[in-house]
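J.: What follows is a structure written as structure tokens; I'll ask about it next.
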Amino acid sequence: MPERFLIVDDDADSTFLARRNLLTVFPAATVEHALSGQAALDLLHAGDYTAVITDYRMPWMDGLTLVRRIRELNLHMPIVMRTAMEDLENAARAAGVDYVLPWFRWRELGEVVKELLQCHSTPGSDSHS
């Protein structure tokens with residue numbers, strides 16, 4: 001079954017680049033987009049996603065709050081947070097983020113997601129360590 005990804009970002013250029021990088025690694029994937037954390041939660045209630053890629057800085061609900069809410073829903077898909085903030089790693093991990101991707105490494109998104117999916121599919125693996 002092809003992958004289904006959710007990108008949560010209010011910036012059109014960042015979303016375009018994220019979509020392009022995901023489709024390079026996962027050409028058969030479906031990539032959906034939410035402009036806000038609340039819109040993402042609505043989509044997550046409606047269907048299953050292989051992984052979530054979220055920005056940190058968004059209006060109304062930041063990425064950390066979104067991730068906490070996703071984890072409170074007991075959803076365990078990998079979550080990648082893209083950010084320009086350098087000191088966010090510990091807070092992101094505590095919220096339930098699997099990988100923090102600095103903005104300047106945006107080209108690596110597809111490969112990062114691929115590695116996370118391999119870790120999540122390995123029996124007994126724990127990607128939060």
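Ordering of the structure tokens sets the chain letters (A, B, ...); residue numbers start at 1 within each chain; ligands are numbered from 1 in the order shown.
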Would you kindly return, as a ChimeraX atom specification, each protein, DNA or RNA residue with an atom no farther than 10 Å from any atom of region 95-98 of chain A, considering only C-alpha atoms and excluding same-chain residues fewer than 4 positions away?

T.: /A:52-54,63-72,76-81,89-91,113,116,126-129

J.: Select from chain A everything DSSP, run on the backbone, classes as strand (DSSP E), then give the selection as a VMD selection string.

T.: chain A and resid 4 to 8 30 to 34 51 to 55 79 to 83 99 to 102

J.: CA of Gly37 (chain A) and CA of Met61 (chain A) are how many Å apart?

T.: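 Straight-line distance from CA of Gly37 (chain A) to CA of Met61 (chain A) works out to 5.5 Å.
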
J.: Measure the distance from CA of Ala40 (chain A) to CA of Asp55 (chain A) in Å and round it to one decimal.

T.: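 Value for the CA of Ala40 (chain A)-CA of Asp55 (chain A) distance: 11.7 Å.
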
J.: I need the helix (DSSP H, G or I) residues of region 46-121 of chain A per DSSP on the backbone, written as a ChimeraX atom specification.

T.: /A:46,63-72,89-95,103-121

J.: With only C-alpha atoms as the counted atoms, please give the residues lying no more than 10 Å from region 16-31 of chain A, apart from itself and same-chain residues fewer than 5 positions off, as a count of residues only.

T.: 25

J.: Can you tell me how far CA of Leu41 (chain A) sits from CA of Asp13 (chain A), in Å to one decimal?

T.: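 Taking CA of Leu41 (chain A) as the start and CA of Asp13 (chain A) as the end point, the length is 21.9 Å.
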